[in-house]
Structures are given as C-alpha cells and as structure tokens.
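Asks: Enclosed is the structure file structure17.cif (mmCIF, C-alpha atoms).
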data_input
loop_
_atom_site.label_atom_id
_atom_site.label_comp_id
_atom_site.auth_asym_id
_atom_site.auth_seq_id
_atom_site.Cartn_x
_atom_site.Cartn_y
_atom_site.Cartn_z
CA MET W 1 -4.55 45.62 -1.44
CA GLN W 2 -7.14 45.06 -4.18
CA ALA W 3 -9.68 42.28 -3.64
CA ASP W 4 -8.49 40.40 -6.74
CA GLU W 5 -4.77 40.98 -6.16
CA PRO W 6 -2.88 37.67 -5.81
CA VAL W 7 -1.33 37.13 -2.39
CA THR W 8 2.43 36.84 -2.79
CA ILE W 9 5.39 37.03 -0.45
CA LEU W 10 5.63 40.72 -1.40
CA THR W 11 2.03 41.21 -0.27
CA VAL W 12 2.79 39.57 3.09
CA ALA W 13 5.97 41.63 3.50
CA ARG W 14 4.15 44.90 2.76
CA GLU W 15 1.29 44.14 5.16
CA ALA W 16 3.72 43.05 7.90
CA GLY W 17 5.94 46.11 7.38
CA VAL W 18 9.10 44.10 6.64
CA SER W 19 11.28 43.39 3.63
CA LYS W 20 10.61 40.51 1.23
CA THR W 21 13.73 38.71 2.47
CA THR W 22 12.69 39.05 6.11
CA ALA W 23 9.18 37.79 5.36
CA SER W 24 10.57 34.83 3.42
CA ASP W 25 13.07 33.96 6.19
CA ALA W 26 10.36 34.27 8.83
CA LEU W 27 8.04 31.84 7.06
CA ARG W 28 10.84 29.36 6.28
CA GLY W 29 12.24 29.49 9.81
CA SER W 30 15.66 30.59 8.58
CA GLY W 31 17.81 33.70 8.76
CA ARG W 32 18.29 36.12 11.65
CA VAL W 33 14.69 37.00 12.39
CA SER W 34 13.38 37.68 15.87
CA GLU W 35 10.65 35.50 17.30
CA ARG W 36 8.34 38.52 17.50
CA THR W 37 8.83 39.25 13.80
CA ARG W 38 8.28 35.59 12.89
CA GLU W 39 4.99 35.58 14.75
CA THR W 40 3.88 38.83 13.13
CA VAL W 41 4.67 37.60 9.62
CA ALA W 42 2.99 34.24 10.28
CA ARG W 43 -0.19 35.96 11.51
CA VAL W 44 -0.29 38.21 8.45
CA ALA W 45 0.30 35.27 6.09
CA GLU W 46 -2.50 33.29 7.72
CA ARG W 47 -4.89 36.26 7.62
CA LEU W 48 -4.20 36.88 3.94
CA GLY W 49 -4.38 33.18 3.03
CA TYR W 50 -0.85 33.16 1.64
CA VAL W 51 0.22 29.82 0.09
CA PRO W 52 3.98 29.39 -0.56
CA ASN W 53 5.06 28.67 -4.13
CA GLY W 54 5.87 24.97 -3.85
CA SER W 55 7.65 24.81 -7.21
CA ALA W 56 10.01 27.62 -6.29
CA ARG W 57 10.69 26.12 -2.87
CA HIS W 58 11.53 22.70 -4.34
CA LEU W 59 13.76 24.40 -6.94
CA ARG W 60 15.73 26.13 -4.17
CA LYS W 61 16.20 22.73 -2.52
CA ALA W 62 17.33 21.10 -5.82
CA SER W 63 14.24 18.91 -5.53
CA THR W 64 11.69 17.87 -8.14
CA GLY W 65 8.83 18.06 -5.65
CA THR W 66 7.65 14.69 -6.93
CA ILE W 67 7.94 11.05 -5.86
CA GLY W 68 7.33 8.05 -8.11
CA LEU W 69 4.86 5.27 -7.30
CA HIS W 70 5.13 1.92 -9.05
CA VAL W 71 2.47 -0.77 -8.95
CA PRO W 72 2.45 -3.98 -11.04
CA GLU W 73 0.34 -3.39 -14.14
CA VAL W 74 -1.56 -6.67 -13.65
CA LEU W 75 -2.78 -5.42 -10.27
CA THR W 76 -3.86 -1.86 -11.08
CA ARG W 77 -7.50 -2.97 -11.44
CA SER W 78 -7.60 -4.12 -7.81
CA SER W 79 -9.47 -1.99 -5.28
CA TYR W 80 -6.63 -2.75 -2.86
CA TYR W 81 -4.14 -0.94 -5.05
CA MET W 82 -6.47 1.99 -5.65
CA SER W 83 -6.66 2.48 -1.88
CA PHE W 84 -2.89 2.05 -1.60
CA VAL W 85 -2.36 4.74 -4.25
CA PHE W 86 -4.68 7.15 -2.43
CA GLY W 87 -2.70 6.59 0.77
CA VAL W 88 0.57 7.49 -0.97
CA VAL W 89 -0.94 10.54 -2.68
CA GLU W 90 -2.52 11.88 0.52
CA GLN W 91 0.72 11.54 2.48
CA ALA W 92 2.72 13.13 -0.34
CA ALA W 93 0.33 16.09 -0.37
CA ARG W 94 1.01 16.65 3.33
CA HIS W 95 4.65 17.13 2.36
CA ASP W 96 3.70 19.38 -0.58
CA TYR W 97 4.78 16.72 -3.09
CA ASP W 98 3.16 15.37 -6.23
CA VAL W 99 3.09 11.70 -7.25
CA THR W 100 4.00 10.24 -10.64
CA LEU W 101 2.41 6.83 -11.28
CA ILE W 102 4.65 4.27 -12.97
CA THR W 103 3.43 0.85 -14.13
CA SER W 104 5.26 -2.19 -15.42
CA GLY W 105 3.96 -1.47 -18.91
CA GLN W 106 6.12 1.66 -19.12
CA ARG W 107 9.66 1.02 -20.40
CA ARG W 108 11.93 4.00 -19.80
CA ALA W 109 15.16 5.01 -21.49
CA ARG W 110 16.04 7.28 -18.55
CA PRO W 111 15.28 7.38 -14.81
CA PRO W 112 12.03 9.13 -13.84
CA ARG W 113 12.37 12.76 -12.71
CA VAL W 114 11.47 12.14 -9.08
CA ASP W 115 13.17 12.47 -5.70
CA GLY W 116 12.39 8.91 -4.60
CA LEU W 117 10.26 5.86 -5.27
CA VAL W 118 7.53 3.80 -3.60
CA LEU W 119 7.13 0.25 -4.93
CA GLY W 120 3.77 -1.39 -4.23
CA ASP W 121 4.21 -5.16 -3.75
CA PRO W 122 6.98 -5.45 -6.41
CA LEU W 123 7.04 -8.70 -8.37
CA GLY W 124 10.27 -10.63 -8.80
CA GLY W 125 11.45 -10.70 -12.40
CA ASP W 126 9.70 -7.42 -13.29
CA PRO W 127 12.24 -5.61 -15.53
CA VAL W 128 10.77 -2.18 -14.75
CA VAL W 129 11.21 -2.75 -11.01
CA GLU W 130 14.77 -3.92 -11.61
CA SER W 131 15.56 -0.80 -13.62
CA LEU W 132 13.94 1.50 -11.04
CA MET W 133 15.93 -0.04 -8.20
CA ALA W 134 19.12 0.41 -10.24
CA THR W 135 18.63 4.18 -10.52
CA GLY W 136 20.11 4.83 -7.08
CA LEU W 137 17.03 6.85 -6.07
CA PRO W 138 15.87 6.39 -2.44
CA THR W 139 13.29 3.60 -2.55
CA VAL W 140 10.66 2.16 -0.21
CA SER W 141 8.79 -1.05 -0.97
CA CYS W 142 5.54 -2.35 0.43
CA GLU W 143 6.64 -5.92 1.24
CA ARG W 144 10.15 -7.09 0.41
CA PHE W 145 11.33 -7.38 -3.17
CA PRO W 146 11.90 -11.08 -4.03
CA GLY W 147 15.11 -10.38 -5.93
CA ALA W 148 18.79 -9.66 -5.46
CA ARG W 149 18.29 -5.98 -4.60
CA GLN W 150 16.47 -4.61 -1.59
CA ALA W 151 14.83 -1.22 -1.16
CA ASP W 152 16.27 1.38 1.23
CA GLY W 153 13.14 1.04 3.35
CA VAL W 154 10.52 -1.69 3.68
CA VAL W 155 6.99 -1.63 5.09
CA TRP W 156 5.78 -5.18 5.58
CA SER W 157 3.04 -7.10 7.38
CA GLU W 158 2.95 -10.40 9.25
CA HIS W 159 0.89 -12.28 6.69
CA ALA W 160 1.88 -15.83 7.67
CA PRO W 161 0.95 -15.43 11.37
CA MET W 162 -2.34 -13.78 10.37
CA LEU W 163 -3.12 -16.69 8.04
CA HIS W 164 -2.41 -19.07 10.95
CA ARG W 165 -5.05 -17.18 12.95
CA LEU W 166 -7.51 -17.47 10.09
CA LEU W 167 -6.89 -21.20 9.68
CA ASP W 168 -7.26 -21.73 13.44
CA HIS W 169 -10.59 -19.92 13.24
CA LEU W 170 -11.71 -22.21 10.41
CA GLY W 171 -10.73 -25.18 12.56
CA SER W 172 -12.83 -23.90 15.44
CA ALA W 173 -15.72 -23.55 12.97
CA GLY W 174 -15.49 -27.24 12.09
CA SER W 175 -13.03 -27.34 9.19
CA THR W 176 -10.52 -30.21 9.00
CA ARG W 177 -9.54 -29.86 5.32
CA PRO W 178 -8.92 -26.20 4.46
CA GLY W 179 -7.64 -25.43 0.97
CA LEU W 180 -5.80 -22.43 -0.47
CA ILE W 181 -5.88 -20.65 -3.82
CA VAL W 182 -2.78 -18.46 -4.12
CA ALA W 183 -0.81 -16.63 -6.80
CA GLY W 184 2.84 -17.37 -7.54
CA ASP W 185 5.84 -16.64 -5.33
CA GLU W 186 6.89 -13.65 -7.49
CA SER W 187 5.28 -11.55 -4.76
CA ASP W 188 6.60 -11.55 -1.19
CA TRP W 189 2.99 -11.26 0.01
CA ALA W 190 1.81 -14.34 -1.91
CA ALA W 191 4.95 -16.29 -0.99
CA SER W 192 4.39 -15.47 2.70
CA LEU W 193 0.80 -16.73 2.54
CA HIS W 194 1.83 -19.93 0.75
CA ARG W 195 4.63 -20.56 3.25
CA GLY W 196 2.34 -19.79 6.20
CA TYR W 197 -0.30 -22.22 4.93
CA LEU W 198 2.23 -25.05 4.50
CA GLU W 199 3.71 -24.38 7.96
CA TRP W 200 0.25 -24.53 9.53
CA CYS W 201 -0.56 -27.79 7.73
CA VAL W 202 2.66 -29.39 8.99
CA ALA W 203 2.02 -28.23 12.55
CA LYS W 204 -1.58 -29.53 12.51
CA GLY W 205 -0.89 -32.74 10.57
CA VAL W 206 -3.18 -31.62 7.75
CA THR W 207 -2.64 -32.58 4.12
CA PRO W 208 -1.99 -29.38 2.10
CA ARG W 209 -4.52 -28.66 -0.62
CA VAL W 210 -3.20 -25.81 -2.79
CA ARG W 211 -3.97 -24.51 -6.25
CA ARG W 212 -1.72 -21.86 -7.80
CA VAL W 213 -3.03 -19.25 -10.24
CA SER W 214 -1.34 -16.43 -12.12
CA PHE W 215 -1.31 -12.87 -10.79
CA ASP W 216 -3.53 -11.74 -13.65
CA ALA W 217 -5.80 -14.80 -13.36
CA THR W 218 -9.16 -14.55 -15.06
CA GLY W 219 -12.39 -15.40 -13.30
CA GLU W 220 -12.51 -18.70 -15.17
CA GLU W 221 -9.00 -19.63 -14.00
CA ILE W 222 -9.94 -18.94 -10.39
CA ARG W 223 -13.22 -20.85 -10.68
CA ALA W 224 -11.38 -23.81 -12.22
CA ALA W 225 -8.96 -23.88 -9.28
CA ALA W 226 -11.86 -23.76 -6.82
CA ARG W 227 -13.74 -26.46 -8.71
CA THR W 228 -10.77 -28.80 -8.40
CA LEU W 229 -10.52 -28.25 -4.65
CA LEU W 230 -14.28 -28.54 -4.05
CA THR W 231 -14.94 -31.64 -6.19
CA PRO W 232 -16.67 -34.20 -3.96
CA GLY W 233 -14.43 -36.98 -2.75
CA ALA W 234 -12.00 -37.90 0.00
CA GLY W 235 -9.74 -34.95 -0.81
CA ALA W 236 -12.40 -32.26 -1.15
CA VAL W 237 -11.85 -29.19 1.02
CA ASP W 238 -14.42 -28.15 3.59
CA ALA W 239 -13.09 -24.58 3.75
CA LEU W 240 -11.52 -22.47 1.03
CA VAL W 241 -9.12 -19.57 1.58
CA CYS W 242 -8.64 -17.32 -1.46
CA ALA W 243 -5.51 -15.19 -1.58
CA PRO W 244 -5.89 -13.18 -4.83
CA ALA W 245 -7.96 -10.02 -4.53
CA GLY W 246 -11.50 -10.62 -5.79
CA ALA W 247 -11.12 -14.41 -5.89
CA ALA W 248 -13.39 -15.12 -2.91
CA THR W 249 -16.36 -13.27 -4.35
CA GLU W 250 -15.72 -14.95 -7.71
CA VAL W 251 -16.11 -18.45 -6.24
CA ALA W 252 -18.65 -17.68 -3.50
CA PRO W 253 -21.63 -19.33 -5.28
CA MET W 254 -19.63 -22.55 -5.83
CA VAL W 255 -18.47 -22.64 -2.21
CA ARG W 256 -21.97 -21.98 -0.91
CA GLU W 257 -23.37 -24.79 -3.06
CA ALA W 258 -20.70 -27.17 -1.73
CA GLY W 259 -21.59 -26.26 1.86
CA SER W 260 -18.01 -25.19 2.63
CA LEU W 261 -16.60 -22.26 4.57
CA LEU W 262 -15.05 -19.33 2.67
CA ALA W 263 -12.43 -16.69 3.55
CA SER W 264 -10.38 -14.09 1.70
CA CYS W 265 -6.82 -12.84 2.28
CA VAL W 266 -7.83 -9.40 0.98
CA ASP W 267 -10.76 -7.45 2.37
CA SER W 268 -12.82 -5.17 0.13
CA ALA W 269 -16.26 -3.64 -0.26
CA ALA W 270 -17.24 -6.73 -2.26
CA THR W 271 -16.34 -9.16 0.56
CA ARG W 272 -18.16 -6.98 3.08
CA MET W 273 -21.33 -6.82 0.99
CA ALA W 274 -21.35 -10.44 -0.22
CA ASP W 275 -24.18 -12.76 0.77
CA PRO W 276 -23.12 -13.96 3.24
CA PRO W 277 -20.38 -11.43 4.09
CA ILE W 278 -16.95 -13.04 3.69
CA THR W 279 -14.41 -13.38 6.50
CA SER W 280 -11.33 -11.51 5.34
CA ILE W 281 -7.91 -10.18 6.28
CA ASP W 282 -8.02 -6.39 6.24
CA LEU W 283 -4.65 -5.28 4.83
CA ARG W 284 -5.49 -1.61 5.51
CA PRO W 285 -4.09 -0.53 2.13
CA ARG W 286 -4.66 3.22 2.51
CA GLU W 287 -2.65 3.26 5.73
CA ALA W 288 0.01 1.04 4.12
CA GLY W 289 0.43 3.52 1.27
CA ALA W 290 0.70 6.42 3.69
CA SER W 291 3.26 4.53 5.78
CA CYS W 292 5.41 3.81 2.71
CA ALA W 293 5.31 7.44 1.61
CA GLU W 294 6.14 8.70 5.09
CA LEU W 295 9.14 6.37 5.36
CA LEU W 296 10.36 7.62 1.98
CA PHE W 297 10.16 11.24 3.14
CA GLU W 298 12.05 10.32 6.30
CA LEU W 299 14.77 8.75 4.15
CA LEU W 300 14.89 11.85 1.95
CA SER W 301 15.24 14.14 4.97
CA GLY W 302 17.75 11.92 6.77
CA ALA W 303 15.32 11.20 9.64
CA ALA W 304 15.49 7.47 8.80
CA GLU W 305 18.52 5.37 7.92
CA PRO W 306 18.72 3.16 4.81
CA GLY W 307 17.73 -0.38 5.78
CA THR W 308 14.82 0.76 7.96
CA GLU W 309 11.93 -1.70 8.14
CA ARG W 310 8.51 -1.10 9.67
CA VAL W 311 5.69 -3.53 10.42
CA HIS W 312 2.29 -2.45 9.14
CA PRO W 313 -0.52 -3.92 11.29
CA ILE W 314 -3.29 -5.89 9.59
CA GLU W 315 -6.54 -7.27 11.03
CA LEU W 316 -8.78 -10.32 10.75
CA GLU W 317 -12.45 -9.52 10.13
CA LEU W 318 -14.70 -12.47 11.06
CA ARG W 319 -17.99 -12.66 9.15
CA ALA W 320 -20.86 -15.04 8.41
CA SER W 321 -19.07 -17.01 5.67
CA THR W 322 -17.09 -18.84 8.37
CA ARG W 323 -19.80 -19.09 10.99
CA PRO W 324 -19.30 -22.21 13.13
CA ARG W 325 -21.38 -25.19 12.01
CA ASN W 326 -24.21 -26.37 14.22
#
Kindly transcribe the structure held in the file into structure tokens.
Replies:
Amino acid sequence: MQADEPVTILTVAREAGVSKTTASDALRGSGRVSERTRETVARVAERLGYVPNGSARHLRKASTGTIGLHVPEVLTRSSYYMSFVFGVVEQAARHDYDVTLITSGQRRARPPRVDGLVLGDPLGGDPVVESLMATGLPTVSCERFPGARQADGVVWSEHAPMLHRLLDHLGSAGSTRPGLIVAGDESDWAASLHRGYLEWCVAKGVTPRVRRVSFDATGEEIRAAARTLLTPGAGAVDALVCAPAGAATEVAPMVREAGSLLASCVDSAATRMADPPITSIDLRPREAGASCAELLFELLSGAAEPGTERVHPIELELRASTRPRN
C-alpha cells in the first residue's frame, strides 16, 4: 500500500488475505469467522492503525452516535459543572459517542437527535427539563429530579449525611452556632443540604440560622446573606457553611474579619488555594459525570434496568479554615 493511502476495511482485508465481509465480521465479532481468522485480522488492523468508521457503525445500529447533556443555564459558569461535562464527554468517547450540550436557554420545537440524555442536577420547574423528560428518550440524572417525572437512571450522593459530618467537625473545632447559606429547593442537591442542616440542628438542640439565595445569586447577594448571619449579637454565627459554588471564597474576607470558621459544600481550585484554604466537600464532579454517562450506556445496551440508582461517593476535605480554636 502507498504511504499516504487511507487505511480502510478494504485495506485490512487485502493485507489479511480475506474478503471485506470476513474482515468486517472479524472486527465486529459477528458472522461465521474462525478464531484464527479473527486474530489474524485484528493483528493486521492494529498494525495498520485501522480506525472503524464510527458514523457508519452507528448508522447500521440505527443510532445517532450522540447523547445529549443538559445543565441548568444559571450554573454553566461553575467550575463544578465544567468538570462534570468533561466527565460525561470522556466516558462518551470511550463508547465512540459524541455529546450535544443542551442548556435551559434553548427552547426546542422537536426532540434533540440523540440516543439518550444526561441531566446535570436538574432544577424543578425548568420547562426545558420537563420537555426533555417527556421525549421518551432514555435519561439519567445526576441527583433526583424534584418533579413529577423521574429519570430512568439516577446517580446521587449522600449530601445530608456528609453535611452532618461537616457540622460535627465544626462542633469539635469550637462552633456552637453554625449557619448555612443555601440556594432554593428547586435542586435535589440544595434541598438535601437544607434538610440535612435542619435535621442536625434538631438533633443537637441548635437554633437554625439559614439564609436562602437564588441559584444565580450575585456576589453582592451572597455577601448580604453572610453579613446578616455574621452581624455581631446574640444570634451571630460562629461558623458559616456556604452551599452555592463559589460562595465561600466570596465571603471569606468577611468571615475572617469576624473570627468565624468557614466551610464550603463544593470544593474547587479556589477553595484549595484560598488563604487560609477552605474546608470543603469534594463532590468529585468529573467522576460523577462519567458515572452518569456510563449508566446511560448501560441503559441503552440493556445492561441496566430502568429505575436503576447508584450512589456516587463524595469526600470531606478538612483544611485550615476550620482549624480548632486554641
């Protein structure tokens, strides 16, 4: 063969001394092909650097070769969601699939041309999510959808128990009045954190100190919530837990000035590099995205049944911002 000749299935067949059909069956693991022939064809394909035509293969399977990924538009600026997207894309690539990104700002007159959908932390009341779930396409959500419908598969984490661990740690560091800044209950993740905080307060006999902000809260809105909780007086918090991504670093100077402890429910490069570094819950977003994509492919292949749920492990990273008081 010529040095610049493209390597096709015909090239592999010619080099292996078999027909095009036999070479194709050998590489796909189908047809009546002996094991010796399969091995020969596979060795030739590897030596030549043959890459199957993914588009043609998906066409034969009546597949688009693409999955859809939806993330709430108000959250696309978050580093968490960027990592989540990369996890989905990397896992899709392992299955020779592409990913179409869908946001809540896109209103569609027809269903997307995809084989299935991954929903990243879907918000209740989001009309785009509602329309996507009504398409009948196989769907996996990261956290449960707080609405009437449920996805065919769910990857979720134990946020409330992890928040209990964080609050217990703050207690061991000297806190008796921890406060929480959290977004609304439109998200299963935020609702779980809010519920977990209230449960912990009841169990410990602590007065809840909560400020709610919107999912697309500005820095000023978050600082105003923190200012209210940190204002000197009998009800001032001595530790502040920030749920929204980026909120802890936004209020860190105020918390430091007040002499309070600080923790975040979302880890990031910013929390790790803050001065002092901020104790955070590592949600492991890249792995979460990969887990959601893998569950979707298992649903598409029939390896998983609709209704499958999987727990995605998360971790508590203790840092200097919650160092026990002397």
Asks: Starting from the displayed file, determine the output of the PyMOL selection byres ((chain W and resi 185) around 12) and express the residue list as an NGL selection string.
Replies: :W and (121-125 or 144-147 or 182-184 or 186-195 or 212-215)
Asks: May I ask which of the residues W:Met82, W:Ala160, W:Val206, W:Ile278 is the closest one to W:Val251, counting all atoms listed in the file?
Replies: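 Once distances to W:Val251 are computed over all atoms listed in the file, the minimum belongs to W:Ile278.
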Asks: Need the axis-aligned box for stretch 223-226 of chain W with 5 Å each side, so what are the centre and edges in Å to one decimal, as JSON?
Replies:
{"center_x": -11.1, "center_y": -22.4, "center_z": -9.5, "size_x": 14.3, "size_y": 13.0, "size_z": 15.4}
Asks: Between atom CA of W:Ala173 and atom CA of W:Ser157, what distance in Å does the model show, to one decimal?
Replies: 25.6 Å
Asks: Can you give me, as a PDB file with C-alpha atoms, in the frame of the given file, the residues this file yields under the PyMOL selection byres ((chain W and resi 304) around 12)?
Replies:
ATOM      1  CA  PRO W 138      15.870   6.390  -2.440  1.00  0.00           C
ATOM      2  CA  VAL W 140      10.660   2.160  -0.210  1.00  0.00           C
ATOM      3  CA  ASP W 152      16.270   1.380   1.230  1.00  0.00           C
ATOM      4  CA  GLY W 153      13.140   1.040   3.350  1.00  0.00           C
ATOM      5  CA  VAL W 154      10.520  -1.690   3.680  1.00  0.00           C
ATOM      6  CA  GLU W 294       6.140   8.700   5.090  1.00  0.00           C
ATOM      7  CA  LEU W 295       9.140   6.370   5.360  1.00  0.00           C
ATOM      8  CA  LEU W 296      10.360   7.620   1.980  1.00  0.00           C
ATOM      9  CA  PHE W 297      10.160  11.240   3.140  1.00  0.00           C
ATOM     10  CA  GLU W 298      12.050  10.320   6.300  1.00  0.00           C
ATOM     11  CA  LEU W 299      14.770   8.750   4.150  1.00  0.00           C
ATOM     12  CA  LEU W 300      14.890  11.850   1.950  1.00  0.00           C
ATOM     13  CA  SER W 301      15.240  14.140   4.970  1.00  0.00           C
ATOM     14  CA  GLY W 302      17.750  11.920   6.770  1.00  0.00           C
ATOM     15  CA  ALA W 303      15.320  11.200   9.640  1.00  0.00           C
ATOM     16  CA  GLU W 305      18.520   5.370   7.920  1.00  0.00           C
ATOM     17  CA  PRO W 306      18.720   3.160   4.810  1.00  0.00           C
ATOM     18  CA  GLY W 307      17.730  -0.380   5.780  1.00  0.00           C
ATOM     19  CA  THR W 308      14.820   0.760   7.960  1.00  0.00           C
ATOM     20  CA  GLU W 309      11.930  -1.700   8.140  1.00  0.00           C
ATOM     21  CA  ARG W 310       8.510  -1.100   9.670  1.00  0.00           C
TER      22      ARG W 310
END
Asks: To test your reading of the syntax: which residues would the PyMOL selection byres ((chain W and resi 84) around 10) return for the file shown? Reply as an MDAnalysis selection string.
Replies: chainID W and resid 71 78:83 85:89 120 142 283:292
Asks: Give me, please, the distance in Å between atom CA of W:Asp282 and atom CA of W:Thr228, quoted to one decimal.
Replies: 26.9 Å
Asks: Would you mind reading off the distance between atom CA of W:Ser264 and atom CA of W:His169, one decimal, in Å?
Replies: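 Straight-line distance from atom CA of W:Ser264 to atom CA of W:His169 works out to 12.9 Å.
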Asks: Which of these residues is nearest to W:Ala224, using only C-alpha atoms: W:Ser268, W:Leu27, W:Arg211, W:Arg113?
Replies: W:Arg211
Asks: Given the choices W:Val241, W:Ile314, W:Leu117, W:Ile9, which gets closest to W:Thr22 if the distance is worked out from all atoms listed in the file?
Replies: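 Counting all atoms listed in the file, the residue closest to W:Thr22 is W:Ile9.
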Asks: Pick out the closest residue to W:Leu316 from this set: W:Gly116, W:Pro111, W:Pro161, W:Gly17. Count all atoms listed in the file.
Replies: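 Answer, going by the shortest atom-to-atom distance: W:Pro161.
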Asks: Emit stretch 208-225 of chain W of the structure in the block as a file comprising N, CA, C and O atoms, as a compact mmCIF listing (two decimals), in the first residue's frame.
Replies:
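Okay, this is what ended up in part_9.txt:
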# COMPACT_ATOMS: atom_id res chain seq x y z
N PRO W 208 -31.56 26.88 64.21
CA PRO W 208 -31.14 27.01 62.81
C PRO W 208 -30.92 28.47 62.43
O PRO W 208 -31.68 29.35 62.81
N ARG W 209 -29.88 28.70 61.68
CA ARG W 209 -29.57 30.03 61.17
C ARG W 209 -29.30 29.89 59.68
O ARG W 209 -28.20 29.52 59.27
N VAL W 210 -30.33 30.14 58.85
CA VAL W 210 -30.27 29.88 57.41
C VAL W 210 -30.60 31.14 56.63
O VAL W 210 -31.51 31.89 57.00
N ARG W 211 -29.88 31.34 55.55
CA ARG W 211 -30.22 32.38 54.58
C ARG W 211 -30.27 31.73 53.21
O ARG W 211 -29.33 31.05 52.79
N ARG W 212 -31.40 31.95 52.51
CA ARG W 212 -31.59 31.38 51.18
C ARG W 212 -31.20 32.41 50.13
O ARG W 212 -31.51 33.59 50.26
N VAL W 213 -30.54 31.95 49.07
CA VAL W 213 -30.21 32.82 47.93
C VAL W 213 -30.68 32.12 46.66
O VAL W 213 -30.96 30.92 46.66
N SER W 214 -30.74 32.86 45.58
CA SER W 214 -31.15 32.28 44.30
C SER W 214 -30.01 31.47 43.70
O SER W 214 -28.84 31.63 44.08
N PHE W 215 -30.34 30.59 42.74
CA PHE W 215 -29.30 29.77 42.11
C PHE W 215 -28.32 30.60 41.30
O PHE W 215 -27.16 30.23 41.16
N ASP W 216 -28.80 31.72 40.77
CA ASP W 216 -27.89 32.58 40.01
C ASP W 216 -27.52 33.82 40.83
O ASP W 216 -27.36 34.91 40.31
N ALA W 217 -27.37 33.61 42.15
CA ALA W 217 -27.08 34.72 43.06
C ALA W 217 -25.81 35.45 42.67
O ALA W 217 -24.79 34.84 42.31
N THR W 218 -25.85 36.75 42.75
CA THR W 218 -24.66 37.57 42.51
C THR W 218 -23.78 37.56 43.76
O THR W 218 -24.21 37.14 44.85
N GLY W 219 -22.56 38.05 43.59
CA GLY W 219 -21.67 38.15 44.73
C GLY W 219 -22.24 39.02 45.82
O GLY W 219 -22.11 38.72 47.02
N GLU W 220 -22.91 40.10 45.44
CA GLU W 220 -23.49 41.00 46.42
C GLU W 220 -24.61 40.32 47.20
O GLU W 220 -24.74 40.51 48.42
N GLU W 221 -25.42 39.50 46.53
CA GLU W 221 -26.49 38.78 47.22
C GLU W 221 -25.93 37.81 48.24
O GLU W 221 -26.43 37.70 49.36
N ILE W 222 -24.85 37.14 47.88
CA ILE W 222 -24.23 36.18 48.80
C ILE W 222 -23.58 36.91 49.98
O ILE W 222 -23.70 36.50 51.14
N ARG W 223 -22.91 38.02 49.68
CA ARG W 223 -22.29 38.78 50.77
C ARG W 223 -23.34 39.35 51.72
O ARG W 223 -23.13 39.41 52.93
N ALA W 224 -24.48 39.77 51.17
CA ALA W 224 -25.55 40.30 52.02
C ALA W 224 -26.08 39.21 52.95
O ALA W 224 -26.36 39.47 54.13
N ALA W 225 -26.22 38.00 52.44
CA ALA W 225 -26.69 36.88 53.28
C ALA W 225 -25.68 36.60 54.38
O ALA W 225 -26.05 36.39 55.55
